[in-house]
$ cat structure_13.cif   # mmCIF, C-alpha atoms
data_target
loop_
_atom_site.label_atom_id
_atom_site.label_comp_id
_atom_site.auth_asym_id
_atom_site.auth_seq_id
_atom_site.Cartn_x
_atom_site.Cartn_y
_atom_site.Cartn_z
CA MET A 15 0.93 21.03 19.09
CA SER A 16 2.36 19.84 15.78
CA ALA A 17 0.36 18.77 12.77
CA VAL A 18 1.06 16.21 10.08
CA PHE A 19 -0.38 16.62 6.60
CA ILE A 20 -0.72 13.92 3.99
CA CYS A 21 -0.16 15.42 0.55
CA GLY A 22 -1.30 12.37 -1.38
CA SER A 23 -1.17 8.65 -1.86
CA GLY A 24 -0.86 6.19 -4.70
CA LEU A 25 -2.92 3.24 -5.80
CA SER A 26 -2.29 0.11 -7.81
CA LEU A 27 -4.81 -2.70 -8.05
CA GLY A 28 -4.61 -6.23 -9.32
CA GLU A 29 -5.74 -6.91 -12.85
CA TYR A 30 -8.59 -9.28 -11.97
CA GLU A 31 -11.82 -8.04 -10.38
CA GLU A 32 -13.47 -10.65 -8.17
CA SER A 33 -17.15 -10.19 -7.33
CA ASN A 34 -18.89 -11.07 -4.09
CA GLY A 35 -20.77 -13.72 -6.07
CA GLU A 36 -17.53 -15.53 -6.86
CA VAL A 37 -16.37 -15.35 -3.23
CA ALA A 38 -19.79 -16.45 -1.94
CA GLN A 39 -19.80 -19.48 -4.22
CA ARG A 40 -16.24 -20.47 -3.28
CA LEU A 41 -16.89 -20.11 0.47
CA ASN A 42 -20.47 -21.40 0.39
CA ILE A 43 -21.91 -18.27 2.00
CA SER A 44 -24.31 -15.64 0.75
CA GLU A 45 -23.34 -12.42 -1.03
CA GLU A 46 -25.48 -10.56 1.52
CA ASP A 47 -23.38 -11.97 4.39
CA ILE A 48 -20.19 -10.78 2.75
CA LEU A 49 -21.56 -7.28 2.21
CA SER A 50 -23.15 -6.93 5.66
CA LYS A 51 -20.10 -8.24 7.54
CA SER A 52 -17.34 -6.56 5.55
CA GLY A 53 -18.87 -3.78 3.44
CA ILE A 54 -16.80 -5.09 0.53
CA LYS A 55 -18.54 -5.06 -2.85
CA LYS A 56 -15.61 -6.19 -4.99
CA ARG A 57 -11.90 -6.84 -4.69
CA PHE A 58 -8.98 -6.87 -7.08
CA ILE A 59 -6.56 -9.75 -7.34
CA ALA A 60 -3.09 -9.57 -8.82
CA LYS A 61 -2.74 -12.96 -10.45
CA ASN A 62 0.26 -12.16 -12.63
CA THR A 63 1.71 -9.08 -10.92
CA SER A 64 4.29 -9.00 -8.15
CA ASN A 65 3.77 -7.03 -4.95
CA LEU A 66 6.90 -5.06 -5.81
CA LYS A 67 5.37 -3.96 -9.12
CA LEU A 68 2.15 -2.98 -7.34
CA GLY A 69 4.18 -0.99 -4.79
CA CYS A 70 6.24 0.76 -7.47
CA ASP A 71 3.14 1.55 -9.53
CA ALA A 72 1.37 3.00 -6.46
CA PHE A 73 4.42 5.12 -5.59
CA ARG A 74 4.72 6.32 -9.20
CA ASN A 75 1.00 7.15 -9.13
CA ALA A 76 1.45 9.28 -5.99
CA ILE A 77 4.47 11.08 -7.47
CA GLU A 78 2.60 11.93 -10.65
CA ASN A 79 -0.74 12.85 -9.08
CA TYR A 80 0.69 15.08 -6.38
CA ASP A 81 3.86 16.36 -8.10
CA ILE A 82 6.09 14.95 -5.37
CA ASN A 83 9.77 15.85 -5.62
CA LEU A 84 11.78 12.70 -4.88
CA LYS A 85 14.44 14.80 -3.16
CA THR A 86 11.90 15.59 -0.43
CA VAL A 87 11.06 11.93 0.30
CA ASP A 88 12.58 10.81 3.60
CA GLY A 89 10.91 7.44 3.97
CA VAL A 90 8.94 4.67 2.32
CA ILE A 91 6.39 2.57 4.19
CA VAL A 92 4.70 -0.27 2.30
CA CYS A 93 1.49 -1.66 3.78
CA SER A 94 0.68 -5.16 2.55
CA PHE A 95 -0.32 -8.57 3.76
CA THR A 96 2.33 -10.61 1.99
CA ASN A 97 5.74 -10.16 0.39
CA ASP A 98 7.17 -11.57 -2.82
CA TYR A 99 10.19 -12.75 -0.83
CA VAL A 100 11.75 -12.36 2.62
CA PHE A 101 14.70 -10.14 1.72
CA PRO A 102 14.82 -7.39 0.68
CA ASN A 103 11.49 -6.12 1.88
CA ILE A 104 9.20 -4.41 -0.63
CA ALA A 105 9.80 -0.91 0.79
CA SER A 106 13.57 -1.27 0.35
CA ALA A 107 13.08 -2.56 -3.20
CA VAL A 108 10.75 0.39 -3.99
CA SER A 109 13.36 2.77 -2.57
CA LYS A 110 16.02 1.22 -4.77
CA GLU A 111 13.78 1.39 -7.85
CA PHE A 112 13.36 5.15 -7.36
CA ASP A 113 17.00 5.69 -6.31
CA LEU A 114 16.05 6.78 -2.79
CA SER A 115 19.22 5.62 -1.09
CA SER A 116 19.12 7.72 2.07
CA VAL A 117 15.57 7.06 3.29
CA PHE A 118 14.15 4.76 5.92
CA ALA A 119 12.16 1.94 4.35
CA PHE A 120 10.10 -0.79 5.95
CA ASP A 121 7.05 -2.94 5.40
CA VAL A 122 3.98 -3.06 7.59
CA GLN A 123 2.26 -6.41 7.33
CA ALA A 124 -0.93 -5.80 9.22
CA ASN A 125 -3.35 -7.26 6.67
CA CYS A 126 -6.55 -5.21 6.34
CA ALA A 127 -5.41 -2.73 8.99
CA GLY A 128 -2.10 -2.10 7.16
CA LEU A 129 -3.04 1.35 5.89
CA GLN A 130 -4.18 2.53 9.32
CA VAL A 131 -1.04 1.16 10.98
CA GLY A 132 1.21 2.60 8.27
CA LEU A 133 -0.36 6.05 8.60
CA ASN A 134 0.06 5.97 12.39
CA ILE A 135 3.72 4.97 12.03
CA ALA A 136 4.32 7.73 9.46
CA ARG A 137 2.62 10.28 11.71
CA ASP A 138 4.70 9.23 14.72
CA LYS A 139 7.95 9.38 12.72
CA LEU A 140 7.09 12.84 11.39
CA LEU A 141 6.16 14.18 14.82
CA ALA A 142 9.32 12.75 16.36
CA ASN A 143 11.64 14.25 13.72
CA LYS A 144 10.75 17.80 12.70
CA ASP A 145 13.26 17.70 9.81
CA MET A 146 11.57 14.71 8.16
CA LYS A 147 9.17 15.18 5.25
#
$ encode --input "structure_13.cif" --output "structure tokens"
Amino acid sequence: MSAVFICGSGLSLGEYEESNGEVAQRLNISEEDILSKSGIKKRFIAKNTSNLKLGCDAFRNAIENYDINLKTVDGVIVCSFTNDYVFPNIASAVSKEFDLSSVFAFDVQANCAGLQVGLNIARDKLLANKDMK
């Protein structure tokens, strides 16, 4: 049986922190309902930042935090719920930004489940191709 190991991940959040109180007021529901149904205490909104910038910042964060050698990167998967534009996708634009010309790159738009779906796709790709990193 083969194993797949995740060496790290990156993170980039929007610049505006929105509280449950703000959401509750806008949607005319209680803060308690939001917390009990979603577990979310706060969220970050990128009002003046593109999804591409968020993706590049998250990738840069992973590279720096986990000392990732770009020559060992064989693919880029971006998990989001919306794109800045239809073409190119964010993953391809991130790949171009970091000069990763020979990697697979695609977006997963699965909303809140995007990270889970992206990790499953990455795992499947790695198990299917033993030479991929």
$ atom_distance --input "structure_13.cif" --atom1 "CA of Gly128 (chain A)" --atom2 "CA of Glu78 (chain A)"
23.2 Å
$ residues_around --input "structure_13.cif" --residues "Leu68 (chain A)" --least-positions-apart "2" --cutoff "12 Å" --atoms "only C-alpha atoms" --output "NGL selection string"
:A and (24-29 or 58-66 or 70-75 or 92-94 or 97-98 or 104-105 or 107-108)
$ closest_residue --input "structure_13.cif" --among "A:Phe19, A:Tyr30, A:Tyr80, A:Phe118" --to "Asn103 (chain A)" --atoms "only C-alpha atoms"
A:Phe118
$ atom_distance --input "structure_13.cif" --atom1 "CA of Thr96 (chain A)" --atom2 "CA of Gly132 (chain A)"
14.7 Å
$ atom_distance --input "structure_13.cif" --atom1 "CA of Phe101 (chain A)" --atom2 "CA of Gln130 (chain A)"
24.0 Å
$ resolve_selection --input "structure_13.cif" --expression "the PyMOL selection byres ((chain A and resi 136) around 10)" --output "list in words"
Val18, Ile20, Gly89, Val90, Ile91, Gln130, Val131, Gly132, Leu133, Asn134, Ile135, Arg137, Asp138, Lys139, Leu140, Leu141, Ala142 and Lys147 of chain A
$ closest_residue --input "structure_13.cif" --among "A:Phe120, A:Asp145, A:Cys126, A:Ile82" --to "Ile54 (chain A)" --atoms "only C-alpha atoms"
A:Cys126
$ residues_around --input "structure_13.cif" --residues "Val37 (chain A)" --least-positions-apart "2" --cutoff "12 Å" --atoms "all atoms listed in the file" --output "ChimeraX atom specification"
/A:31-35,39-49,54-58
$ closest_residue --input "structure_13.cif" --among "A:Ser109, A:Asp88, A:Phe95, A:Ile77" --to "Leu129 (chain A)" --atoms "all atoms listed in the file"
A:Phe95
$ build_atoms --input "structure_13.cif" --residues "region 27-38 of chain A" --atoms "all heavy atoms" --output "PDB file, in the coordinates of the input"
ATOM      1  N   LEU A  27      -3.943  -1.550  -8.321  1.00  0.00           N
ATOM      2  CA  LEU A  27      -4.810  -2.700  -8.050  1.00  0.00           C
ATOM      3  C   LEU A  27      -4.438  -3.868  -8.944  1.00  0.00           C
ATOM      4  O   LEU A  27      -3.867  -3.688 -10.021  1.00  0.00           O
ATOM      5  CB  LEU A  27      -6.274  -2.325  -8.313  1.00  0.00           C
ATOM      6  CG  LEU A  27      -6.838  -1.177  -7.484  1.00  0.00           C
ATOM      7  CD1 LEU A  27      -8.226  -0.819  -7.968  1.00  0.00           C
ATOM      8  CD2 LEU A  27      -6.861  -1.537  -6.010  1.00  0.00           C
ATOM      9  N   GLY A  28      -4.799  -5.049  -8.507  1.00  0.00           N
ATOM     10  CA  GLY A  28      -4.610  -6.230  -9.320  1.00  0.00           C
ATOM     11  C   GLY A  28      -5.450  -6.154 -10.581  1.00  0.00           C
ATOM     12  O   GLY A  28      -6.415  -5.385 -10.669  1.00  0.00           O
ATOM     13  N   GLU A  29      -5.103  -6.980 -11.538  1.00  0.00           N
ATOM     14  CA  GLU A  29      -5.740  -6.910 -12.850  1.00  0.00           C
ATOM     15  C   GLU A  29      -7.071  -7.661 -12.931  1.00  0.00           C
ATOM     16  O   GLU A  29      -7.831  -7.506 -13.870  1.00  0.00           O
ATOM     17  CB  GLU A  29      -4.781  -7.425 -13.924  1.00  0.00           C
ATOM     18  CG  GLU A  29      -4.473  -8.907 -13.857  1.00  0.00           C
ATOM     19  CD  GLU A  29      -3.355  -9.286 -12.878  1.00  0.00           C
ATOM     20  OE1 GLU A  29      -2.791  -8.403 -12.209  1.00  0.00           O
ATOM     21  OE2 GLU A  29      -3.072 -10.479 -12.773  1.00  0.00           O
ATOM     22  N   TYR A  30      -7.385  -8.474 -11.933  1.00  0.00           N
ATOM     23  CA  TYR A  30      -8.590  -9.280 -11.970  1.00  0.00           C
ATOM     24  C   TYR A  30      -9.573  -8.815 -10.902  1.00  0.00           C
ATOM     25  O   TYR A  30      -9.229  -8.739  -9.730  1.00  0.00           O
ATOM     26  CB  TYR A  30      -8.252 -10.768 -11.751  1.00  0.00           C
ATOM     27  CG  TYR A  30      -9.457 -11.657 -11.665  1.00  0.00           C
ATOM     28  CD1 TYR A  30     -10.198 -11.958 -12.798  1.00  0.00           C
ATOM     29  CD2 TYR A  30      -9.869 -12.172 -10.445  1.00  0.00           C
ATOM     30  CE1 TYR A  30     -11.312 -12.770 -12.713  1.00  0.00           C
ATOM     31  CE2 TYR A  30     -10.986 -12.983 -10.351  1.00  0.00           C
ATOM     32  CZ  TYR A  30     -11.704 -13.276 -11.486  1.00  0.00           C
ATOM     33  OH  TYR A  30     -12.821 -14.060 -11.400  1.00  0.00           O
ATOM     34  N   GLU A  31     -10.789  -8.473 -11.318  1.00  0.00           N
ATOM     35  CA  GLU A  31     -11.820  -8.040 -10.380  1.00  0.00           C
ATOM     36  C   GLU A  31     -12.663  -9.253  -9.980  1.00  0.00           C
ATOM     37  O   GLU A  31     -13.241  -9.935 -10.829  1.00  0.00           O
ATOM     38  CB  GLU A  31     -12.717  -6.983 -11.024  1.00  0.00           C
ATOM     39  CG  GLU A  31     -13.768  -6.438 -10.100  1.00  0.00           C
ATOM     40  CD  GLU A  31     -14.629  -5.364 -10.762  1.00  0.00           C
ATOM     41  OE1 GLU A  31     -14.094  -4.588 -11.555  1.00  0.00           O
ATOM     42  OE2 GLU A  31     -15.836  -5.335 -10.468  1.00  0.00           O
ATOM     43  N   GLU A  32     -12.706  -9.518  -8.678  1.00  0.00           N
ATOM     44  CA  GLU A  32     -13.470 -10.650  -8.170  1.00  0.00           C
ATOM     45  C   GLU A  32     -14.731 -10.132  -7.488  1.00  0.00           C
ATOM     46  O   GLU A  32     -14.658  -9.291  -6.591  1.00  0.00           O
ATOM     47  CB  GLU A  32     -12.631 -11.455  -7.185  1.00  0.00           C
ATOM     48  CG  GLU A  32     -13.331 -12.701  -6.689  1.00  0.00           C
ATOM     49  CD  GLU A  32     -12.475 -13.505  -5.743  1.00  0.00           C
ATOM     50  OE1 GLU A  32     -11.951 -12.922  -4.774  1.00  0.00           O
ATOM     51  OE2 GLU A  32     -12.333 -14.712  -5.967  1.00  0.00           O
ATOM     52  N   SER A  33     -15.873 -10.632  -7.888  1.00  0.00           N
ATOM     53  CA  SER A  33     -17.150 -10.190  -7.330  1.00  0.00           C
ATOM     54  C   SER A  33     -17.471 -10.934  -6.038  1.00  0.00           C
ATOM     55  O   SER A  33     -16.888 -11.974  -5.740  1.00  0.00           O
ATOM     56  CB  SER A  33     -18.275 -10.436  -8.334  1.00  0.00           C
ATOM     57  OG  SER A  33     -18.506 -11.842  -8.459  1.00  0.00           O
ATOM     58  N   ASN A  34     -18.414 -10.383  -5.288  1.00  0.00           N
ATOM     59  CA  ASN A  34     -18.890 -11.070  -4.090  1.00  0.00           C
ATOM     60  C   ASN A  34     -19.553 -12.402  -4.452  1.00  0.00           C
ATOM     61  O   ASN A  34     -19.511 -13.354  -3.677  1.00  0.00           O
ATOM     62  CB  ASN A  34     -19.859 -10.194  -3.304  1.00  0.00           C
ATOM     63  CG  ASN A  34     -19.137  -9.192  -2.443  1.00  0.00           C
ATOM     64  OD1 ASN A  34     -17.928  -9.270  -2.247  1.00  0.00           O
ATOM     65  ND2 ASN A  34     -19.869  -8.222  -1.920  1.00  0.00           N
ATOM     66  N   GLY A  35     -20.148 -12.467  -5.626  1.00  0.00           N
ATOM     67  CA  GLY A  35     -20.770 -13.720  -6.070  1.00  0.00           C
ATOM     68  C   GLY A  35     -19.757 -14.843  -6.185  1.00  0.00           C
ATOM     69  O   GLY A  35     -20.015 -15.971  -5.774  1.00  0.00           O
ATOM     70  N   GLU A  36     -18.574 -14.516  -6.723  1.00  0.00           N
ATOM     71  CA  GLU A  36     -17.530 -15.530  -6.860  1.00  0.00           C
ATOM     72  C   GLU A  36     -17.030 -15.975  -5.483  1.00  0.00           C
ATOM     73  O   GLU A  36     -16.816 -17.169  -5.251  1.00  0.00           O
ATOM     74  CB  GLU A  36     -16.357 -14.974  -7.668  1.00  0.00           C
ATOM     75  CG  GLU A  36     -16.699 -14.736  -9.127  1.00  0.00           C
ATOM     76  CD  GLU A  36     -15.611 -13.998  -9.853  1.00  0.00           C
ATOM     77  OE1 GLU A  36     -15.613 -12.752  -9.809  1.00  0.00           O
ATOM     78  OE2 GLU A  36     -14.753 -14.675 -10.463  1.00  0.00           O
ATOM     79  N   VAL A  37     -16.841 -15.021  -4.581  1.00  0.00           N
ATOM     80  CA  VAL A  37     -16.370 -15.350  -3.230  1.00  0.00           C
ATOM     81  C   VAL A  37     -17.436 -16.167  -2.501  1.00  0.00           C
ATOM     82  O   VAL A  37     -17.124 -17.154  -1.841  1.00  0.00           O
ATOM     83  CB  VAL A  37     -16.023 -14.063  -2.442  1.00  0.00           C
ATOM     84  CG1 VAL A  37     -15.654 -14.392  -1.000  1.00  0.00           C
ATOM     85  CG2 VAL A  37     -14.899 -13.303  -3.127  1.00  0.00           C
ATOM     86  N   ALA A  38     -18.687 -15.751  -2.618  1.00  0.00           N
ATOM     87  CA  ALA A  38     -19.790 -16.450  -1.940  1.00  0.00           C
ATOM     88  C   ALA A  38     -19.873 -17.901  -2.399  1.00  0.00           C
ATOM     89  O   ALA A  38     -20.023 -18.807  -1.580  1.00  0.00           O
ATOM     90  CB  ALA A  38     -21.109 -15.728  -2.216  1.00  0.00           C
TER      91      ALA A  38
END
